[in-house]
file work_21.csv (CSV, C-alpha atoms)
chain,number,residue,atom,x,y,z
A,26,ASN,CA,-25.4,-20.6,-5.6
A,27,ASN,CA,-24.8,-18.4,-2.6
A,28,ASN,CA,-21.6,-20.2,-1.7
A,29,THR,CA,-20.4,-19.9,-5.3
A,30,ASN,CA,-21.0,-16.1,-5.3
A,31,THR,CA,-19.3,-15.7,-2.0
A,32,THR,CA,-16.3,-17.6,-3.2
A,33,LYS,CA,-16.2,-15.6,-6.4
A,34,ASN,CA,-16.4,-12.3,-4.6
A,35,ASN,CA,-13.6,-13.2,-2.2
A,36,ASN,CA,-11.4,-14.3,-5.1
A,37,ASP,CA,-12.1,-11.1,-7.1
A,38,ASN,CA,-10.5,-8.9,-4.5
A,39,GLU,CA,-7.6,-10.8,-2.8
A,40,GLU,CA,-6.5,-7.8,-0.7
A,41,GLY,CA,-9.8,-7.9,1.1
A,42,ALA,CA,-10.9,-4.3,0.2
A,43,THR,CA,-14.6,-3.8,-0.4
A,44,SER,CA,-15.7,-3.1,-3.9
A,45,ASN,CA,-17.8,-0.1,-2.9
A,46,PRO,CA,-16.0,2.8,-4.6
A,47,ALA,CA,-18.1,5.4,-2.9
A,48,GLY,CA,-16.6,4.3,0.5
A,49,ALA,CA,-19.9,4.6,2.3
A,50,GLY,CA,-19.6,2.2,5.1
A,51,SER,CA,-16.8,0.3,3.5
A,52,THR,CA,-13.7,-0.9,5.3
A,53,CYS,CA,-10.2,-1.6,4.2
A,54,ALA,CA,-10.6,-5.3,5.0
A,55,ARG,CA,-13.6,-7.5,5.2
A,56,PRO,CA,-14.3,-8.8,8.7
A,57,GLY,CA,-13.1,-12.4,8.9
A,58,SER,CA,-10.7,-12.1,6.0
A,59,ALA,CA,-7.0,-12.9,6.4
A,60,LEU,CA,-6.2,-9.2,6.2
A,61,ALA,CA,-8.8,-8.0,8.7
A,62,ALA,CA,-6.3,-8.2,11.5
A,63,LYS,CA,-3.8,-6.0,9.7
A,64,HIS,CA,-6.0,-3.3,8.1
A,65,LEU,CA,-8.0,-0.7,9.9
A,66,PRO,CA,-11.5,0.3,8.9
A,67,GLU,CA,-11.6,3.1,6.4
A,68,ALA,CA,-13.7,5.3,8.7
A,69,LEU,CA,-11.1,5.0,11.4
A,70,VAL,CA,-8.2,5.8,9.0
A,71,GLU,CA,-10.2,8.9,7.9
A,72,GLN,CA,-10.9,10.0,11.4
A,73,VAL,CA,-7.2,9.6,12.5
A,74,LEU,CA,-6.0,11.6,9.4
A,75,ALA,CA,-8.6,14.2,9.8
A,76,GLU,CA,-7.6,14.8,13.4
A,77,ARG,CA,-4.0,14.9,12.5
A,78,LEU,CA,-4.6,17.5,9.8
A,79,LEU,CA,-6.2,19.7,12.4
A,80,GLU,CA,-3.1,19.7,14.7
A,81,SER,CA,-1.4,23.1,15.1
A,82,ASP,CA,1.6,22.1,13.0
A,83,ALA,CA,-0.6,21.0,10.1
A,84,VAL,CA,-3.2,23.8,9.9
A,85,CYS,CA,-1.2,25.8,7.5
A,86,GLY,CA,-0.2,22.9,5.3
A,87,VAL,CA,1.2,19.4,5.1
A,88,VAL,CA,3.7,17.5,3.0
A,89,MET,CA,2.8,13.9,2.2
A,90,ASP,CA,5.6,11.8,0.9
A,91,GLY,CA,3.8,8.9,-0.7
A,92,LEU,CA,0.6,7.0,0.2
A,93,VAL,CA,2.0,3.6,1.3
A,94,SER,CA,0.7,2.3,4.5
A,95,GLY,CA,0.6,-1.0,6.4
A,96,PHE,CA,-2.8,0.0,7.8
A,97,CYS,CA,-4.8,0.3,4.6
A,98,PRO,CA,-4.5,-0.5,0.9
A,99,MET,CA,-3.1,2.3,-1.1
A,100,LEU,CA,-6.2,2.9,-3.2
A,101,THR,CA,-8.4,3.2,-0.1
A,102,LEU,CA,-5.8,5.5,1.6
A,103,ALA,CA,-5.7,7.7,-1.6
A,104,THR,CA,-9.5,7.9,-1.5
A,105,VAL,CA,-9.5,9.0,2.1
A,106,VAL,CA,-6.7,11.6,1.6
A,107,LEU,CA,-8.5,13.1,-1.5
A,108,ARG,CA,-11.8,13.2,0.5
A,109,LEU,CA,-10.0,15.1,3.3
A,110,LEU,CA,-8.2,17.4,0.9
A,111,ALA,CA,-11.5,18.3,-0.8
A,112,LYS,CA,-12.5,19.9,2.5
A,113,ARG,CA,-9.6,22.4,2.3
A,114,GLN,CA,-9.8,25.6,0.4
A,115,HIS,CA,-6.5,25.1,-1.4
A,116,PHE,CA,-4.3,22.1,-2.1
A,117,PHE,CA,-1.4,21.4,-4.5
A,118,PHE,CA,0.3,18.3,-5.8
A,119,VAL,CA,4.0,18.4,-6.5
A,120,ARG,CA,5.8,15.4,-7.9
A,121,ILE,CA,9.5,15.4,-7.8
A,122,ALA,CA,11.2,12.5,-9.5
A,123,VAL,CA,14.8,11.9,-8.5
A,124,ASP,CA,16.8,8.9,-9.5
A,125,TRP,CA,17.7,6.6,-6.5
A,126,ALA,CA,21.4,6.6,-7.5
A,127,VAL,CA,21.4,10.4,-7.4
A,128,LEU,CA,19.9,10.4,-3.9
A,129,VAL,CA,22.5,7.9,-2.7
A,130,GLN,CA,25.3,10.0,-4.2
A,131,ARG,CA,24.0,13.1,-2.5
A,132,GLN,CA,23.8,11.3,0.9
A,133,GLN,CA,27.4,10.0,0.5
A,134,GLU,CA,28.6,13.5,-0.4
A,135,ALA,CA,26.9,15.0,2.6
A,136,ALA,CA,28.4,12.4,4.9
A,137,GLN,CA,31.9,13.1,3.5
A,138,ARG,CA,31.4,16.9,4.0
A,139,ALA,CA,30.2,16.3,7.6
A,140,GLN,CA,33.3,14.0,8.2
A,141,ALA,CA,35.6,16.6,6.8
A,142,GLU,CA,34.1,19.4,8.9
A,143,LEU,CA,34.3,17.2,12.0
A,144,GLU,CA,38.0,16.5,11.3
A,145,ALA,CA,38.7,20.2,10.6
A,146,SER,CA,37.0,21.3,13.8
A,147,SER,CA,38.8,18.8,16.0
A,148,GLN,CA,42.2,19.9,14.6
A,149,GLU,CA,41.3,23.5,15.4
A,150,GLN,CA,40.5,22.7,19.0
A,151,LEU,CA,44.0,21.2,19.7
A,152,PRO,CA,46.4,23.8,20.9
A,153,ALA,CA,49.8,23.9,19.2
A,154,LEU,CA,52.3,22.8,21.9
A,155,THR,CA,56.0,23.0,21.8
A,156,GLU,CA,57.9,19.9,22.8
A,157,ASP,CA,58.7,21.3,26.2
A,158,GLU,CA,55.0,22.2,26.9
A,159,TYR,CA,54.0,18.7,25.8
A,160,ASP,CA,56.6,17.1,28.1
A,161,ALA,CA,55.3,19.3,31.0
A,162,LEU,CA,51.8,17.8,30.6
call {"tool": "encode", "arguments": {"input": "work_21.csv", "output": "structure tokens"}}
result
Amino acid sequence: NNNTNTTKNNNDNEEGATSNPAGAGSTCARPGSALAAKHLPEALVEQVLAERLLESDAVCGVVMDGLVSGFCPMLTLATVVLRLLAKRQHFFFVRIAVDWAVLVQRQQEAAQRAQAELEASSQEQLPALTEDEYDAL
């Protein structure tokens, strides 16, 4: 029966995350699982993020663009981030939804403007020479 339960528990959660929602002593991956080598323990992820949030450039605030990480499953990372944010006096969530095609178009327009400015500045730097001055070079 113990072997059956162990197999069932391993199959229930294929990502290897523990089922302990409180996070007490849990890790992102069970030791010995296939993902254990890729995922860091939850406590370590929390410690690293907590230290980073105390850095001088993050004391007044941070902007997080998504919660995708190769070091920890998204749900675990979200739990860690929320636990860290709960220790701050104020925090705000802003969701900005922009269509991917719009972002690509903006990037292309910015690249075209930069190219036009570069061409304009290079033409301004060339002195106007007469044919005789050019021949003298």
call {"tool": "atom_distance", "arguments": {"input": "work_21.csv", "atom1": "atom CA of Cys97 of chain A", "atom2": "atom CA of Leu65 of chain A"}}
result
6.3 Å
call {"tool": "residues_around", "arguments": {"input": "work_21.csv", "residues": "Leu107 of chain A", "least_positions_apart": "5", "cutoff": "12 Å", "atoms": "all atoms listed in the file", "output": "list of chain:residue names"}}
result
A:Glu71, A:Leu74, A:Ala75, A:Met89, A:Leu92, A:Leu100, A:Thr101, A:Leu102, A:Lys112, A:Arg113, A:Phe116, A:Phe117, A:Phe118
call {"tool": "atom_distance", "arguments": {"input": "work_21.csv", "atom1": "atom CA of Val129 of chain A", "atom2": "atom CA of Glu142 of chain A"}}
result
20.0 Å
call {"tool": "atom_distance", "arguments": {"input": "work_21.csv", "atom1": "atom CA of Met99 of chain A", "atom2": "atom CA of Val70 of chain A"}}
result
11.8 Å
call {"tool": "closest_residue", "arguments": {"input": "work_21.csv", "among": "A:His64, A:Ala111, A:Cys85, A:Ala126", "to": "Pro98 of chain A", "atoms": "only C-alpha atoms"}}
result
A:His64
